[in-house]
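*Asks:* This is the structure, below, for whatever I ask next.
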Amino acid sequence: MLAAQFPGQGQGEALHRAVRSAEVAEEAGLDTVWLAEHHFVPYGTCPSATTLAALLLGRTRRIRIGTAVSVLPTTHPVALGEQAALLHLASGGRFTLGVGRGGPWIDLEVFGTGVEAYETAFPESLDLLLRWLREPSVSADGDRFRFREVPVVPSPSESLTDTAGPEVVVACTSPSSVRLAAERGLPMLLGMHVGDEEKAEMVGLWRQYARAAGRPVDEIRGAAHVSAGVCQIADRRTDAVETLMKAMPGWLRQGLEAHVTVDGRARSMRDPVAYTELLCGLHPVGTARLCADRLAATSERTGISRFALLVEGSGDLAATEENVRRLGTEVLTQLR
């Protein structure tokens with residue numbers, strides 16, 4: 001859920017659709033709701049995925065809530081670690097923390113972290129975050145973060161669950177980010193703009209880096225990577241495609257054009273119509289049977305069995321609710 005603001009909609013409407021869709025996802029038997037985070041753009045109106053996760057964890061009882069992703073360069077890793085530990089403990093272990101680099105956007109100026117946080121400091125921030133989630137006390141003496149030793153409160157290990165701390169997933173879009181995740185034994189979140197072949201290559205590269213780093217064999221085999229995509233279900237494929245082609249280009253154009261770079265660097269934007277067509281071709285868009293087959297084929301080719309699927313592509317609350325219900329009752333049941 002991006003809480004996407006489609007043309008003509010208010011921001012509150014977009015957020016309400018995200019909240020309601022998460023509740024329906026639990027009712028429909030889905031496993032996880034993933035929440036995106038964006039600043040200052042209508043592409044997504046949720047500026048804090050952890051805050052929205054807290055609300056949804058309180059409104060649900062079974063389903064997992066994950067961030068896809070919390071943007072690490074715009075926050076202090078200890079602050080994010082404290083939030084993740086709190087949600088892990090308070091929810092009984094139902095929270096997943098997805099993190100990523102984000103982009104070279106004006107966010108870095110507004111929050112005062114600077115372009116270096118995006119360009120060079122992500123590994124240091126990630127390692128500090130992981131230490132916070134795994135150790136009883138933490139100090140820092142790095143290039144960016146320096147502080148004396150302090151206790152971790154609340155400690156994720158105090159959870160009354162089988163997991164010592166929240167799961168951490170890393171968004172990966174390049175070989176360098178794949179290596180970063182692999183060397184730390186963290187599963188990847190792979191974007192919806194790439195297809196099965198490229199995702200399979202990235203999984204293979206992750207395994208190579210993980211083996212070279214000496215990660216345990218069982219950890220490498222059991223890595224629960226996540227594939228992002230789009231899902232739209234209809235009784236005919238042409239109807240599903242038409243729904244997305246009518247709504248998504250306007251949202252993409254409005255949302256992506258609003259991004260402003262931190263330092264005035266040139267940026268390029270995908271053609272919204274061509275990008276929507278690409279997504280319809282790559283992902284489960286069509287009948288329930290076709291969607292199940294598409295997901296199964298992706299899983300077989302890549303080895304990935306977890307999917308974070310954009311279901312709000314119609315831009316309409318009632319249509320999104322129906323899409324979520326059909327995903328749970330008609331598609332997931334076939335895969336299981």
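Convention: chains lettered A, B, ... in structure tokens order; per-chain residue numbering from 1; ligands numbered from 1 as shown.
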For Val152 (chain A), find every residue with an atom within 9 Å (counting only C-alpha atoms), except residues of its own chain fewer than 6 positions away, and show them as number ranges by chain.

*Replies:* A: 82, 132-133, 135-138

*Asks:* Would you export the selected residues with N, CA, C and O atoms as a short mmCIF file (atom, residue, chain, number, x, y, z; two decimals), in the first residue's frame, please?

*Replies:*
```cif
data_model
loop_
_atom_site.label_atom_id
_atom_site.label_comp_id
_atom_site.auth_asym_id
_atom_site.auth_seq_id
_atom_site.Cartn_x
_atom_site.Cartn_y
_atom_site.Cartn_z
N GLU A 82 14.65 1.91 17.48
CA GLU A 82 13.76 1.97 18.64
C GLU A 82 12.31 1.75 18.23
O GLU A 82 11.56 1.03 18.90
N TRP A 132 21.64 -2.29 16.83
CA TRP A 132 20.62 -1.86 17.79
C TRP A 132 19.55 -2.95 17.99
O TRP A 132 19.03 -3.13 19.08
N LEU A 133 19.25 -3.67 16.94
CA LEU A 133 18.21 -4.69 17.03
C LEU A 133 18.72 -6.03 17.56
O LEU A 133 17.93 -6.92 17.81
N GLU A 135 21.86 -6.30 19.86
CA GLU A 135 22.77 -6.24 20.99
C GLU A 135 22.10 -5.56 22.19
O GLU A 135 21.22 -4.72 22.01
N PRO A 136 22.53 -5.89 23.42
CA PRO A 136 21.91 -5.28 24.61
C PRO A 136 22.30 -3.83 24.84
O PRO A 136 21.57 -3.08 25.49
N SER A 137 23.47 -3.43 24.35
CA SER A 137 23.91 -2.04 24.45
C SER A 137 24.76 -1.71 23.23
O SER A 137 25.38 -2.60 22.64
N VAL A 138 24.79 -0.44 22.86
CA VAL A 138 25.43 -0.04 21.60
C VAL A 138 26.18 1.27 21.78
O VAL A 138 25.70 2.19 22.47
#
```

*Asks:* As a ChimeraX atom specification, please: every residue in region 71-173 of chain A that DSSP puts in helix (DSSP H, G or I).

*Replies:* /A:72-74,77-90,107-110,115-119,122-134,156-158

*Asks:* Using C-alpha atoms, can you export the residues from the last selection as a short mmCIF file (atom, residue, chain, number, x, y, z; two decimals), in the first residue's frame?

*Replies:*
```cif
data_model
loop_
_atom_site.label_atom_id
_atom_site.label_comp_id
_atom_site.auth_asym_id
_atom_site.auth_seq_id
_atom_site.Cartn_x
_atom_site.Cartn_y
_atom_site.Cartn_z
CA LEU A 72 17.12 4.99 6.20
CA PRO A 73 19.09 8.04 4.92
CA THR A 74 16.39 10.45 6.12
CA PRO A 77 19.21 4.50 12.55
CA VAL A 78 18.86 4.37 16.34
CA ALA A 79 15.53 6.20 16.18
CA LEU A 80 14.29 3.76 13.54
CA GLY A 81 15.66 0.83 15.55
CA GLU A 82 13.76 1.97 18.64
CA GLN A 83 10.53 2.20 16.64
CA ALA A 84 11.07 -1.26 15.13
CA ALA A 85 11.82 -2.80 18.53
CA LEU A 86 8.72 -1.20 19.99
CA LEU A 87 6.47 -2.49 17.21
CA HIS A 88 8.04 -5.96 17.40
CA LEU A 89 7.42 -6.20 21.13
CA ALA A 90 3.98 -4.62 21.23
CA ASP A 107 13.99 15.04 1.65
CA LEU A 108 17.72 14.93 2.46
CA GLU A 109 17.77 18.73 2.63
CA VAL A 110 14.59 19.06 4.66
CA VAL A 115 23.29 13.97 0.19
CA GLU A 116 26.13 11.97 1.80
CA ALA A 117 23.54 9.99 3.76
CA TYR A 118 22.21 8.74 0.43
CA GLU A 119 25.44 8.42 -1.54
CA PHE A 122 23.91 3.75 3.91
CA PRO A 123 26.17 0.80 4.94
CA GLU A 124 27.19 2.51 8.20
CA SER A 125 23.56 3.37 8.98
CA LEU A 126 22.40 -0.18 8.23
CA ASP A 127 25.06 -1.75 10.43
CA LEU A 128 24.22 0.56 13.33
CA LEU A 129 20.53 -0.27 12.92
CA LEU A 130 21.26 -4.01 12.96
CA ARG A 131 23.44 -3.72 16.06
CA TRP A 132 20.62 -1.86 17.79
CA LEU A 133 18.21 -4.69 17.03
CA ARG A 134 20.60 -7.46 18.10
CA PRO A 156 13.78 -6.70 21.00
CA SER A 157 15.02 -9.87 22.69
CA GLU A 158 12.52 -9.27 25.51
#
```

*Asks:* Find the residues near Arg207 (chain A): any atom within 12 Å, counting only C-alpha atoms, skip ones fewer than 2 places away on the same chain, and give them as a PyMOL selection string.

*Replies:* chain A and resi 175+178-188+200-205+209-223+225+303

*Asks:* Nearest to Thr161 (chain A) among A:Thr51, A:Gly92, A:Gly102, A:Asp196, with distances taken over only C-alpha atoms: which residue is it?

*Replies:* A:Gly92

*Asks:* With only C-alpha atoms as the basis for distance, which of A:Asp141, A:Asp263, A:Glu27, A:Glu149 is at the shortest distance from Leu327 (chain A)?

*Replies:*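 Closest candidate: A:Glu27.
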
*Asks:* Using only C-alpha atoms, which of the listed residues (A:Val230, A:Met192, A:Val170, A:Leu35) sits closest to Leu310 (chain A)?

*Replies:*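 Answer, going by the shortest atom-to-atom distance: A:Val230.
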
*Asks:* Please, what distance in Å, to one decimal, runs between CA of Ala274 (chain A) and CA of Gly12 (chain A)?

*Replies:*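 Rounded to one decimal, the two atoms are 28.8 Å apart.
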
*Asks:* Counting only C-alpha atoms, figure out which residue out of A:Leu55, A:Cys231, A:Leu317, A:Met1 gets nearest to Thr67 (chain A).

*Replies:*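 Residue with the minimum atom-to-atom distance to Thr67 (chain A): A:Met1.
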
*Asks:* Of the candidates A:Ser48, A:Ser91, A:Thr320, A:Ser299, which shows the shortest atom-to-atom distance to Ser159 (chain A), using only C-alpha atoms?

*Replies:*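 Smallest distance to Ser159 (chain A) is found for A:Ser91.
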
*Asks:* Could you please determine the separation between CA of Ala36 (chain A) and CA of Ala49 (chain A) in Å, to one decimal place?

*Replies:*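 Separation of CA of Ala36 (chain A) and CA of Ala49 (chain A): 6.0 Å.
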
*Asks:* Nearest to Ala4 (chain A) among A:Ala318, A:Leu252, A:Met245, A:Val324, with distances taken over only C-alpha atoms: which residue is it?

*Replies:* A:Leu252

*Asks:* Considering only C-alpha atoms, return as an NGL selection string whatever protein or nucleic-acid residues lie within 12 Å of Leu278 (chain A), sequence-local ones (same chain, fewer than 3 positions apart) excluded.

*Replies:* :A and (192-195 or 229-230 or 241 or 244-245 or 248-249 or 270-275 or 281-285)
